[in-house]
file coords19.csv (CSV, C-alpha atoms)
chain,number,residue,atom,x,y,z
A,1,MET,CA,147.9,64.1,121.7
A,2,LYS,CA,147.8,67.9,121.3
A,3,LYS,CA,149.4,67.7,117.9
A,4,SER,CA,146.8,65.3,116.7
A,5,ILE,CA,143.9,67.6,117.8
A,6,ALA,CA,145.6,70.5,116.1
A,7,VAL,CA,145.9,68.6,112.8
A,8,SER,CA,142.2,67.6,112.9
A,9,ARG,CA,141.3,71.3,113.5
A,10,VAL,CA,143.3,72.3,110.4
A,11,PHE,CA,141.4,69.6,108.4
A,12,SER,CA,138.1,70.8,109.8
A,13,ARG,CA,138.7,74.4,108.8
A,14,GLU,CA,139.8,73.5,105.3
A,15,VAL,CA,136.9,71.1,104.7
A,16,ASN,CA,134.4,73.7,105.7
A,17,ILE,CA,135.9,76.2,103.3
A,18,ALA,CA,135.8,73.6,100.5
A,19,ILE,CA,132.2,72.8,101.3
A,20,ALA,CA,131.2,76.4,101.0
A,21,ARG,CA,132.9,76.7,97.6
A,22,ASP,CA,132.0,73.4,96.0
A,23,TYR,CA,129.6,73.8,93.0
A,24,GLN,CA,128.8,70.1,92.8
A,25,LEU,CA,127.6,70.1,96.4
A,26,ARG,CA,125.3,73.0,95.8
A,27,GLN,CA,123.9,71.2,92.7
A,28,LEU,CA,123.3,68.0,94.7
A,29,TYR,CA,121.6,70.1,97.5
A,30,GLU,CA,119.2,71.6,95.0
A,31,GLN,CA,118.4,68.2,93.6
A,32,TRP,CA,117.7,67.0,97.2
A,33,GLN,CA,115.3,69.9,97.7
A,34,SER,CA,113.7,69.1,94.4
A,35,ALA,CA,113.1,65.5,95.5
A,36,SER,CA,111.6,66.8,98.7
A,37,ASP,CA,109.2,69.0,96.7
A,38,ASP,CA,108.2,66.0,94.6
A,39,ILE,CA,106.7,64.4,97.8
A,40,ASP,CA,104.4,67.3,98.3
A,41,ASP,CA,103.4,67.2,94.7
A,42,VAL,CA,102.2,63.6,94.9
A,43,LYS,CA,100.6,64.2,98.4
A,44,GLY,CA,98.6,67.0,96.8
A,45,GLU,CA,96.8,64.4,94.6
A,46,ARG,CA,95.1,63.0,97.7
A,47,TRP,CA,93.2,66.3,98.2
A,48,PRO,CA,90.0,67.2,96.3
A,49,GLN,CA,90.9,68.7,92.9
A,50,LEU,CA,88.8,71.7,92.1
A,51,HIS,CA,88.7,72.9,88.4
A,52,VAL,CA,86.8,75.9,87.1
A,53,SER,CA,86.1,77.0,83.6
A,54,ALA,CA,84.3,79.9,81.9
A,55,VAL,CA,83.1,80.1,78.3
A,56,ALA,CA,81.9,83.4,76.8
A,57,MET,CA,79.8,83.2,73.6
A,58,PRO,CA,78.2,86.7,73.1
A,59,VAL,CA,77.2,86.3,69.5
A,60,SER,CA,77.0,83.7,66.7
A,61,GLU,CA,76.7,84.3,63.0
A,62,GLY,CA,73.9,82.6,61.2
A,63,ASN,CA,71.8,83.3,58.1
A,64,GLY,CA,73.8,86.3,57.1
A,65,ARG,CA,73.3,88.2,60.3
A,66,TYR,CA,74.3,88.2,64.0
A,67,LYS,CA,72.1,86.9,66.8
A,68,ARG,CA,72.6,86.8,70.6
A,69,TYR,CA,72.2,83.7,72.7
A,70,ALA,CA,69.8,83.7,75.6
A,71,ASN,CA,72.8,83.1,77.9
A,72,ASP,CA,75.9,85.2,77.6
A,73,GLY,CA,78.2,82.5,78.6
A,74,ASP,CA,78.8,79.7,81.1
A,75,PHE,CA,80.8,79.4,84.3
A,76,SER,CA,81.2,75.9,85.8
A,77,ALA,CA,83.1,74.1,88.5
A,78,SER,CA,84.1,70.5,88.9
A,79,LEU,CA,85.5,68.6,91.8
A,80,SER,CA,87.2,65.3,91.9
A,81,MET,CA,88.8,63.3,94.7
A,82,PRO,CA,90.3,59.8,94.6
A,83,VAL,CA,88.3,57.3,96.7
A,84,PHE,CA,90.0,54.0,96.1
A,85,ASP,CA,93.1,53.4,94.0
A,86,TRP,CA,94.6,50.1,95.3
A,87,GLY,CA,97.4,51.9,97.0
A,88,ARG,CA,98.6,53.8,94.0
A,89,LEU,CA,99.0,57.2,95.7
A,90,ALA,CA,100.4,55.6,98.8
A,91,SER,CA,103.1,53.8,96.8
A,92,ALA,CA,103.8,56.9,94.8
A,93,ILE,CA,104.4,58.9,98.0
A,94,LYS,CA,106.7,56.2,99.3
A,95,ASN,CA,108.5,56.2,96.0
A,96,ARG,CA,109.2,59.9,96.2
A,97,GLU,CA,110.1,59.7,99.9
A,98,TYR,CA,112.7,57.0,99.3
A,99,ARG,CA,114.1,59.0,96.3
A,100,ASN,CA,114.3,62.0,98.7
A,101,VAL,CA,116.3,59.9,101.1
A,102,ALA,CA,118.5,58.7,98.2
A,103,ALA,CA,119.1,62.3,97.2
A,104,ALA,CA,120.0,63.3,100.7
A,105,GLN,CA,122.4,60.4,101.1
A,106,LYS,CA,124.0,61.2,97.7
A,107,TYR,CA,124.6,64.7,99.0
A,108,LEU,CA,126.2,63.4,102.2
A,109,SER,CA,128.3,60.9,100.2
A,110,GLN,CA,129.7,63.8,98.1
A,111,LEU,CA,130.4,65.6,101.4
A,112,ASP,CA,132.5,62.5,102.5
A,113,GLU,CA,134.2,62.4,99.2
A,114,LEU,CA,135.1,66.1,99.3
A,115,ALA,CA,136.3,65.9,102.9
A,116,PHE,CA,138.6,63.0,102.0
A,117,ASP,CA,139.9,64.7,98.9
A,118,VAL,CA,140.9,67.8,100.9
A,119,THR,CA,142.4,66.0,103.9
A,120,SER,CA,144.2,63.3,101.9
A,121,THR,CA,145.7,65.9,99.6
A,122,GLU,CA,146.8,67.9,102.7
A,123,VAL,CA,148.5,64.7,104.0
A,124,LYS,CA,150.2,64.1,100.6
A,125,LEU,CA,151.4,67.8,100.6
A,126,GLY,CA,152.7,67.3,104.1
A,127,LYS,CA,154.6,64.2,103.0
A,128,GLN,CA,156.3,66.1,100.1
A,129,ARG,CA,157.1,69.1,102.4
A,130,ALA,CA,158.9,66.7,104.8
A,131,ILE,CA,160.7,65.0,101.9
A,132,LEU,CA,161.7,68.4,100.5
A,133,GLN,CA,163.1,69.4,103.8
A,134,THR,CA,165.2,66.3,104.0
A,135,ALA,CA,166.2,66.6,100.3
A,136,GLN,CA,167.5,70.1,100.9
A,137,VAL,CA,169.7,68.9,103.8
A,138,TYR,CA,170.9,66.0,101.6
A,139,SER,CA,171.6,68.4,98.7
A,140,SER,CA,173.4,70.8,101.0
A,141,ARG,CA,175.6,68.0,102.3
A,142,MET,CA,176.5,66.9,98.8
A,143,GLU,CA,177.2,70.4,97.8
A,144,GLU,CA,179.5,70.7,100.9
A,145,LEU,CA,181.4,67.6,99.8
A,146,VAL,CA,181.8,68.8,96.2
A,147,THR,CA,183.1,72.2,97.5
A,148,MET,CA,185.5,70.3,99.8
A,149,LEU,CA,186.8,68.1,97.0
A,150,SER,CA,187.1,71.0,94.6
A,151,ARG,CA,189.6,72.5,96.9
A,152,ILE,CA,191.5,69.2,97.3
A,153,VAL,CA,191.7,68.7,93.6
A,154,GLU,CA,193.3,72.1,93.2
A,155,THR,CA,196.3,70.7,95.0
A,156,ASP,CA,195.9,67.0,94.2
A,157,ALA,CA,194.7,66.4,90.6
A,158,GLY,CA,194.8,62.6,91.2
A,159,ARG,CA,191.6,62.9,93.1
A,160,GLN,CA,189.6,64.2,90.2
A,161,SER,CA,187.6,61.0,90.0
A,162,GLU,CA,186.3,61.5,93.5
A,163,LEU,CA,185.1,64.9,92.6
A,164,VAL,CA,183.2,63.5,89.6
A,165,GLN,CA,181.6,61.0,91.9
A,166,ALA,CA,180.5,63.7,94.4
A,167,GLN,CA,179.2,65.9,91.6
A,168,ALA,CA,177.1,63.0,90.2
A,169,ARG,CA,175.6,62.5,93.7
A,170,LEU,CA,175.0,66.2,94.0
A,171,LEU,CA,173.0,66.2,90.8
A,172,GLN,CA,170.9,63.3,92.1
A,173,ALA,CA,170.3,65.1,95.3
A,174,GLU,CA,169.2,68.3,93.4
A,175,GLU,CA,166.9,66.2,91.2
A,176,ALA,CA,165.2,64.6,94.3
A,177,ARG,CA,164.8,68.1,95.8
A,178,ASP,CA,163.3,69.5,92.6
A,179,ASP,CA,161.0,66.6,92.2
A,180,ALA,CA,159.6,67.2,95.7
A,181,ALA,CA,159.3,70.9,95.0
A,182,ALA,CA,157.4,70.2,91.8
A,183,GLU,CA,155.0,67.8,93.6
A,184,ILE,CA,154.4,70.4,96.2
A,185,GLU,CA,153.4,72.9,93.6
A,186,THR,CA,151.1,70.4,91.9
A,187,LEU,CA,149.4,69.5,95.2
A,188,THR,CA,149.1,73.2,96.2
A,189,VAL,CA,147.3,74.0,93.0
A,190,THR,CA,144.9,71.1,93.6
A,191,LEU,CA,144.2,72.4,97.1
A,192,ASN,CA,143.7,75.9,95.8
A,193,GLN,CA,140.9,74.6,93.6
A,194,TRP,CA,139.0,73.7,96.7
A,195,LEU,CA,140.1,76.5,99.1
A,196,GLY,CA,140.7,79.4,96.8
A,197,ASP,CA,142.6,82.3,98.4
A,198,ALA,CA,141.5,81.4,102.0
A,199,PRO,CA,144.4,81.5,104.5
A,200,ARG,CA,145.8,78.1,105.1
A,201,HIS,CA,147.6,76.5,108.1
A,202,PRO,CA,149.7,73.6,106.8
A,203,ILE,CA,149.9,70.5,109.0
A,204,PRO,CA,153.1,69.9,111.0
A,205,ILE,CA,155.5,67.6,109.3
A,206,ASP,CA,157.4,66.3,112.3
A,207,SER,CA,156.9,62.9,113.8
A,208,LEU,CA,155.7,64.1,117.2
A,209,TRP,CA,152.0,63.9,116.4
A,210,ASP,CA,149.9,60.9,115.5
A,211,MET,CA,146.5,60.5,113.9
A,212,GLN,CA,144.3,58.2,116.0
A,213,MET,CA,143.0,55.1,114.2
A,214,PRO,CA,139.3,54.3,114.7
A,215,ASP,CA,138.4,51.0,116.4
A,216,ALA,CA,138.2,48.2,113.8
A,217,ASN,CA,135.0,46.7,115.2
A,218,SER,CA,133.3,50.1,115.2
A,219,ALA,CA,134.4,50.9,111.7
A,220,LEU,CA,133.3,47.6,110.3
A,221,SER,CA,129.9,47.7,112.1
A,222,ASN,CA,129.3,51.2,110.8
A,223,LEU,CA,129.7,50.2,107.1
A,224,GLN,CA,125.9,49.5,106.9
A,225,ALA,CA,125.2,53.1,107.9
A,226,THR,CA,127.4,55.0,105.4
A,227,PRO,CA,125.8,57.4,103.0
A,228,MET,CA,126.6,55.3,100.0
A,229,MET,CA,125.0,52.2,101.5
A,230,ARG,CA,121.9,54.2,102.6
A,231,GLU,CA,121.6,55.7,99.1
A,232,ALA,CA,121.7,52.2,97.5
A,233,GLN,CA,119.1,50.9,100.0
A,234,ALA,CA,116.8,53.9,99.4
A,235,GLN,CA,117.0,53.4,95.7
A,236,TYR,CA,116.2,49.8,96.1
A,237,GLN,CA,113.1,50.6,98.2
A,238,ALA,CA,112.1,53.4,95.8
A,239,TRP,CA,112.0,51.0,92.8
A,240,LEU,CA,110.0,48.5,94.8
A,241,ALA,CA,107.5,51.2,95.6
A,242,SER,CA,107.5,52.2,91.9
A,243,ALA,CA,106.6,48.7,90.9
A,244,LYS,CA,103.7,48.7,93.3
A,245,GLU,CA,102.6,52.0,92.0
A,246,GLU,CA,102.7,50.8,88.3
A,247,LYS,CA,100.8,47.6,89.3
A,248,ALA,CA,98.1,49.6,91.0
A,249,LYS,CA,97.7,51.8,87.9
A,250,GLN,CA,96.5,48.8,86.0
A,251,LEU,CA,93.5,48.3,88.3
A,252,PRO,CA,90.2,50.2,88.3
A,253,GLN,CA,90.5,53.7,89.9
A,254,LEU,CA,87.4,55.0,91.8
A,255,ASP,CA,86.9,58.8,92.1
A,256,LEU,CA,84.3,61.0,93.6
A,257,VAL,CA,83.2,63.7,91.1
A,258,ALA,CA,80.9,66.7,91.4
A,259,ASN,CA,79.9,69.3,88.7
A,260,LYS,CA,78.0,72.5,88.9
A,261,GLY,CA,77.2,75.1,86.2
A,262,PHE,CA,76.4,78.7,87.4
A,263,ALA,CA,75.0,80.3,84.2
A,264,ALA,CA,71.3,80.1,83.3
A,265,ALA,CA,70.4,77.7,80.6
A,266,ASN,CA,68.4,78.6,77.5
A,267,TYR,CA,65.1,78.4,79.3
A,268,GLY,CA,66.3,80.5,82.3
A,269,GLU,CA,66.9,77.5,84.6
A,270,GLU,CA,70.2,77.1,86.4
A,271,SER,CA,72.0,73.8,85.9
A,272,ASP,CA,71.8,71.3,88.9
A,273,LEU,CA,74.7,70.1,91.0
A,274,GLN,CA,75.7,66.7,89.8
A,275,VAL,CA,77.5,64.3,92.3
A,276,GLY,CA,78.6,60.8,91.5
A,277,PHE,CA,81.4,58.3,91.2
A,278,SER,CA,83.6,57.7,88.2
A,279,ILE,CA,85.6,54.5,87.5
A,280,SER,CA,88.5,54.5,85.1
A,281,TRP,CA,90.4,51.4,84.0
A,282,ASP,CA,93.0,51.0,81.4
A,283,ILE,CA,92.0,47.4,80.4
A,284,PHE,CA,94.5,47.0,77.7
A,285,SER,CA,97.6,49.2,76.9
A,286,GLY,CA,99.7,46.9,74.8
A,287,PHE,CA,101.3,45.2,77.8
A,288,SER,CA,103.2,48.5,78.6
A,289,GLY,CA,101.9,48.4,82.2
A,290,MET,CA,103.4,45.0,82.8
A,291,ALA,CA,106.6,46.1,81.2
A,292,LYS,CA,106.8,49.0,83.6
A,293,VAL,CA,106.3,46.8,86.6
A,294,SER,CA,108.9,44.3,85.4
A,295,SER,CA,111.3,47.2,84.7
A,296,ALA,CA,110.9,48.6,88.2
A,297,VAL,CA,111.4,45.2,89.8
A,298,HIS,CA,114.6,44.6,87.8
A,299,SER,CA,115.9,48.1,88.7
A,300,ALA,CA,115.2,47.3,92.4
A,301,GLU,CA,117.1,44.0,92.2
A,302,ALA,CA,120.0,45.8,90.4
A,303,TYR,CA,120.3,48.3,93.3
A,304,LYS,CA,120.1,45.4,95.8
A,305,GLN,CA,122.9,43.6,94.2
A,306,ALA,CA,124.9,46.8,93.9
A,307,ARG,CA,124.5,47.4,97.6
A,308,GLU,CA,125.6,43.9,98.5
A,309,ASP,CA,128.6,44.2,96.2
A,310,LEU,CA,129.5,47.6,97.6
A,311,LEU,CA,129.3,46.3,101.1
A,312,ARG,CA,131.6,43.4,100.4
A,313,ARG,CA,134.2,45.5,98.5
A,314,THR,CA,134.1,48.2,101.2
A,315,GLU,CA,134.5,45.7,104.0
A,316,TYR,CA,137.5,44.1,102.2
A,317,ARG,CA,139.0,47.5,101.5
A,318,VAL,CA,138.7,48.6,105.2
A,319,LYS,CA,140.3,45.4,106.5
A,320,THR,CA,143.1,45.8,103.9
A,321,GLN,CA,143.6,49.4,105.1
A,322,TYR,CA,144.0,48.3,108.7
A,323,ARG,CA,146.7,45.9,107.6
A,324,GLU,CA,148.3,48.7,105.6
A,325,VAL,CA,148.3,51.1,108.6
A,326,GLU,CA,149.9,48.4,110.8
A,327,LYS,CA,152.5,47.7,108.1
A,328,TYR,CA,153.4,51.3,107.4
A,329,SER,CA,153.5,52.2,111.1
A,330,LYS,CA,156.0,49.4,111.8
A,331,ARG,CA,158.0,50.3,108.7
A,332,ALA,CA,158.1,54.0,109.7
A,333,THR,CA,159.4,53.1,113.2
A,334,ALA,CA,162.0,50.7,111.7
A,335,TYR,CA,163.2,53.2,109.1
A,336,ALA,CA,163.3,56.0,111.8
A,337,ASN,CA,165.5,53.8,114.0
A,338,LEU,CA,167.6,52.9,111.0
A,339,ALA,CA,168.0,56.5,110.1
A,340,VAL,CA,169.5,57.2,113.6
A,341,GLU,CA,172.1,54.5,113.0
A,342,SER,CA,172.8,55.5,109.5
A,343,ASP,CA,173.4,59.0,110.7
A,344,LYS,CA,176.1,57.7,113.0
A,345,ILE,CA,177.6,55.6,110.2
A,346,ARG,CA,177.8,58.4,107.7
A,347,TRP,CA,179.7,60.6,110.1
A,348,MET,CA,182.1,57.8,111.1
A,349,PHE,CA,182.7,57.1,107.4
A,350,PHE,CA,183.4,60.7,106.7
A,351,GLN,CA,185.9,60.9,109.6
A,352,GLN,CA,187.6,57.7,108.5
A,353,TRP,CA,187.8,59.0,104.9
A,354,TYR,CA,188.8,62.7,105.6
A,355,HIS,CA,191.1,62.3,108.6
A,356,LEU,CA,192.3,58.7,108.5
A,357,GLY,CA,192.1,57.7,104.9
A,358,LYS,CA,190.6,54.3,105.8
A,359,ARG,CA,187.4,54.8,103.7
A,360,SER,CA,187.0,55.7,100.1
A,361,LEU,CA,184.8,58.7,99.1
A,362,LEU,CA,182.4,56.2,97.5
A,363,ASP,CA,181.8,54.7,100.9
A,364,VAL,CA,181.0,58.1,102.3
A,365,LEU,CA,178.7,58.9,99.4
A,366,ILE,CA,176.9,55.6,99.8
A,367,ALA,CA,176.5,56.2,103.5
A,368,GLU,CA,175.1,59.7,102.9
A,369,THR,CA,172.6,58.3,100.3
A,370,ASP,CA,171.6,55.4,102.5
A,371,HIS,CA,170.9,57.9,105.3
A,372,TYR,CA,168.8,60.1,103.0
A,373,ASN,CA,166.9,57.1,101.7
A,374,ASN,CA,166.2,55.8,105.3
A,375,GLN,CA,164.8,59.3,106.2
A,376,VAL,CA,162.6,59.4,103.1
A,377,ASN,CA,161.3,55.9,103.7
A,378,ALA,CA,160.5,56.7,107.3
A,379,ILE,CA,158.6,59.9,106.2
A,380,SER,CA,156.8,58.1,103.4
A,381,SER,CA,155.7,55.2,105.6
A,382,ARG,CA,154.5,57.6,108.3
A,383,PHE,CA,152.4,59.7,106.0
A,384,ASP,CA,151.1,56.6,104.1
A,385,ALA,CA,149.9,55.2,107.4
A,386,TRP,CA,148.0,58.5,108.0
A,387,TYR,CA,146.6,58.4,104.5
A,388,ASN,CA,145.2,54.9,105.1
A,389,ILE,CA,143.7,56.0,108.4
A,390,LEU,CA,141.8,58.8,106.6
A,391,SER,CA,140.7,56.2,104.0
A,392,ILE,CA,139.3,54.0,106.8
A,393,ARG,CA,137.4,56.9,108.3
A,394,LYS,CA,136.0,57.8,104.9
A,395,ASP,CA,134.9,54.3,103.9
A,396,ALA,CA,133.4,53.7,107.3
A,397,GLY,CA,131.5,57.0,107.4
A,398,LEU,CA,133.5,58.3,110.3
A,399,LEU,CA,135.5,61.1,108.7
A,400,LEU,CA,132.9,63.9,108.9
A,401,PRO,CA,131.9,63.1,112.5
A,402,TRP,CA,135.6,63.2,113.4
A,403,LEU,CA,136.0,66.6,111.7
A,404,ASP,CA,132.8,68.0,113.2
A,405,GLU,CA,134.1,67.1,116.7
A,406,ALA,CA,137.4,68.8,116.0
A,407,GLY,CA,135.5,71.9,114.7
A,408,LYS,CA,133.4,72.1,117.8
A,409,ALA,CA,136.6,71.8,120.0
A,410,SER,CA,138.3,74.7,118.2

call {"tool": "encode", "arguments": {"input": "coords19.csv", "output": "C-alpha cells"}}
result
Amino acid sequence: MKKSIAVSRVFSREVNIAIARDYQLRQLYEQWQSASDDIDDVKGERWPQLHVSAVAMPVSEGNGRYKRYANDGDFSASLSMPVFDWGRLASAIKNREYRNVAAAQKYLSQLDELAFDVTSTEVKLGKQRAILQTAQVYSSRMEELVTMLSRIVETDAGRQSELVQAQARLLQAEEARDDAAAEIETLTVTLNQWLGDAPRHPIPIDSLWDMQMPDANSALSNLQATPMMREAQAQYQAWLASAKEEKAKQLPQLDLVANKGFAAANYGEESDLQVGFSISWDIFSGFSGMAKVSSAVHSAEAYKQAREDLLRRTEYRVKTQYREVEKYSKRATAYANLAVESDKIRWMFFQQWYHLGKRSLLDVLIAETDHYNNQVNAISSRFDAWYNILSIRKDAGLLLPWLDEAGKAS
C-alpha cells in the first residue's frame, strides 16, 4: 500500500510541473477568461447607454468672406435603454454563460489529457526500465555461456557449433537490451518536453506495489460528469440560447431614448430635453434571420448527437479497459509464477549439460530464452494493467482527483 501512495505522489509532482510549463493550457486559460469577459460585455447592454457628442463650427465661408454663427458649436447627450426585446439580451447572456462553461470544461479536459500523457508515459518508461534490467541479466548470462564455451572450444574444437549457437543467442540478447535502452531514451525525451530540467523521481519497477483500480460502478456513473461531456452539453445549451437570441432579433425592439442639447440655438434658446420610445424592427432581411436560427438549431443538435456518441464510446472503452486490467493482471501473475519455474528449469538444464552431459547446449539456450521471455511477459502484463487503470481514471474523470489527493498527502 505504501508503494502505491509513493507512486501517486511521483505522478502528482510531475503533473504539476507539466501544468506549469504547458503552453496550450495557458492559451486555453486565456480563452476561458475571454469567454468570461464576454458575459460582462453583453450584460452591459442592459444598462442605460449614454452617448455624448460635440460639434464646433466657428466660421463658415460664404459670399467671398467669413462670417460667424450665432452659436459657436453644439454639445449634446443622448440616452438609450432597452425596455422590451422578447428575451434577446437574456438569451444572449445565457449563450455567453454556456460558452464560458464550455471554455472552462475544455481547459479541464486538457488538464486531464496532459495528466494522462505524463503518467502513462512514466508507466511506459517504467516498463522499459524493468525490461532493460531483465535484458541486461539475460545478456550477461549469454555472455557468460559464450565465454565458457570459448574456453571449451580451445581444447575441444568439435564443440564449435555450440559456440556459434551461444553467440547467436548473445546477439539476440544484446539486441533486446539495446531496443529497451533506445525506447527508454525516446520516452525520456518525451517526458523532458513536459518536465524540462526539473528533478525527477522515477517510479519503482519492482512488483511489490500496486495501483488501485477505481470501483467500476463509480467510474461508469461518473462518465456524465467528465469535462468532455460537460463541454459538449454546454455547447449544446449555448447554441439553443443562440437560436432564441436570433429569433428574438427578428421581432420589434422597444427602447427608451432621451436627447438633450446644451448649446444655445440661433435665437438664443436652449434646446429642450426630448424623451420618448423608439421601435426598431427588421421586417425583411432576405431570410438571413431565419437561416441563422436554423443554423443555430442544427449546431445544437450536432453537439447533442456528439455528446451521446461520446458517452457511448467512452462507456464501451471503460468497460473494455476493466476487462483488460483483469486479463493483464491474471497474465502477469501467471507469467511471474511461470518465471519462477523456468528459473529452476534453466539451472537444472545447465547442470545436466555442463556436469552430466544429459542435455544439449540448445536445451540450455532455449531454457534461458524461455525464462527471459516469461520475465518480460510478466513485466509487460503488469505495466499494461497499470496503463489501463490510468486510462480508466482519465476517461471517468477520476485521474486529477486521485492525483490531487496524493499531492495533499505528500

call {"tool": "closest_atom_pairs", "arguments": {"input": "coords19.csv", "of": "stretch 144-173 of chain A", "to": "stretch 341-358 of chain A", "cutoff": "12 Å", "atoms": "only C-alpha atoms", "output": "Markdown table"}}
result
| residue | atom | partner | partner_atom | distance |
| --- | --- | --- | --- | --- |
| A:Leu145 | CA | A:Phe350 | CA | 10.0 |
| A:Met148 | CA | A:Tyr354 | CA | 10.1 |
| A:Leu149 | CA | A:Tyr354 | CA | 10.3 |
| A:Ile152 | CA | A:Tyr354 | CA | 10.9 |
| A:Glu162 | CA | A:Trp353 | CA | 11.8 |

call {"tool": "residues_around", "arguments": {"input": "coords19.csv", "residues": "A:Lys319", "least_positions_apart": "5", "cutoff": "9 Å", "atoms": "only C-alpha atoms", "output": "list in words"}}
result
Ala216, Leu220, Thr314, Glu324 and Ile392 of chain A

call {"tool": "write_last_selection", "arguments": {"input": "coords19.csv", "atoms": "C-alpha atoms", "output": "PDB file, in the coordinates of the input"}}
result
ATOM      1  CA  ALA A 216     138.200  48.200 113.800  1.00  0.00           C
ATOM      2  CA  LEU A 220     133.300  47.600 110.300  1.00  0.00           C
ATOM      3  CA  THR A 314     134.100  48.200 101.200  1.00  0.00           C
ATOM      4  CA  GLU A 324     148.300  48.700 105.600  1.00  0.00           C
ATOM      5  CA  ILE A 392     139.300  54.000 106.800  1.00  0.00           C
TER       6      ILE A 392
END

call {"tool": "residues_around", "arguments": {"input": "coords19.csv", "residues": "A:Leu240", "least_positions_apart": "2", "cutoff": "12 Å", "atoms": "only C-alpha atoms", "output": "PyMOL selection string"}}
result
chain A and resi 91-92+94-96+98-99+233-238+242-247+292-304

call {"tool": "residues_around", "arguments": {"input": "coords19.csv", "residues": "A:Leu50", "least_positions_apart": "3", "cutoff": "8 Å", "atoms": "all atoms listed in the file", "output": "ChimeraX atom specification"}}
result
/A:77-80

call {"tool": "closest_residue", "arguments": {"input": "coords19.csv", "among": "A:Val275, A:Ala180, A:Ala339, A:Val189", "to": "A:Arg129", "atoms": "only C-alpha atoms"}}
result
A:Ala180

call {"tool": "atom_distance", "arguments": {"input": "coords19.csv", "atom1": "atom CA of A:Leu191", "atom2": "atom CA of A:Val10"}}
result
13.3 Å

call {"tool": "residues_near_point", "arguments": {"input": "coords19.csv", "point": "(158.1, 68.5, 100.7)", "cutoff": "10 Å", "atoms": "all atoms listed in the file", "output": "PyMOL selection string"}}
result
chain A and resi 124-136+177-185+205

call {"tool": "residues_around", "arguments": {"input": "coords19.csv", "residues": "A:Arg317", "least_positions_apart": "6", "cutoff": "10 Å", "atoms": "only C-alpha atoms", "output": "PDB file with C-alpha atoms, in the coordinates of the input"}}
result
ATOM      1  CA  LEU A 311     129.300  46.300 101.100  1.00  0.00           C
ATOM      2  CA  ARG A 323     146.700  45.900 107.600  1.00  0.00           C
ATOM      3  CA  SER A 391     140.700  56.200 104.000  1.00  0.00           C
ATOM      4  CA  ILE A 392     139.300  54.000 106.800  1.00  0.00           C
ATOM      5  CA  ASP A 395     134.900  54.300 103.900  1.00  0.00           C
TER       6      ASP A 395
END

call {"tool": "axis_aligned_box", "arguments": {"input": "coords19.csv", "around": "stretch 78-95 of chain A", "padding_each_side": "4 Å", "output": "AutoDock Vina command-line options"}}
result
--center_x 96.3 --center_y 60.3 --center_z 94.1 --size_x 32.4 --size_y 28.4 --size_z 18.4

call {"tool": "closest_residue", "arguments": {"input": "coords19.csv", "among": "A:Ala173, A:Ala241, A:Val83, A:Val318", "to": "A:Glu368", "atoms": "all atoms listed in the file"}}
result
A:Ala173

call {"tool": "atom_distance", "arguments": {"input": "coords19.csv", "atom1": "atom CA of A:Val164", "atom2": "atom CA of A:Thr147"}}
result
11.8 Å

call {"tool": "atom_distance", "arguments": {"input": "coords19.csv", "atom1": "atom CA of A:Gly397", "atom2": "atom CA of A:Gly196"}}
result
26.4 Å

call {"tool": "closest_residue", "arguments": {"input": "coords19.csv", "among": "A:Gly407, A:Tyr372, A:Ser8, A:Met229", "to": "A:Gln305", "atoms": "all atoms listed in the file"}}
result
A:Met229

call {"tool": "closest_residue", "arguments": {"input": "coords19.csv", "among": "A:Gln321, A:Asn100, A:Gln24, A:Ser76", "to": "A:Ile39", "atoms": "all atoms listed in the file"}}
result
A:Asn100

call {"tool": "closest_residue", "arguments": {"input": "coords19.csv", "among": "A:Ile19, A:Leu195, A:Ala332, A:Ala166", "to": "A:Asp363", "atoms": "all atoms listed in the file"}}
result
A:Ala166

call {"tool": "closest_residue", "arguments": {"input": "coords19.csv", "among": "A:Glu143, A:Thr369, A:Gln33, A:Ala306", "to": "A:Glu231", "atoms": "only C-alpha atoms"}}
result
A:Ala306

call {"tool": "residues_around", "arguments": {"input": "coords19.csv", "residues": "A:Leu398", "least_positions_apart": "2", "cutoff": "12 Å", "atoms": "all atoms listed in the file", "output": "ChimeraX atom specification"}}
result
/A:109,111-113,115-116,213-216,218-223,225-227,389-396,400-405
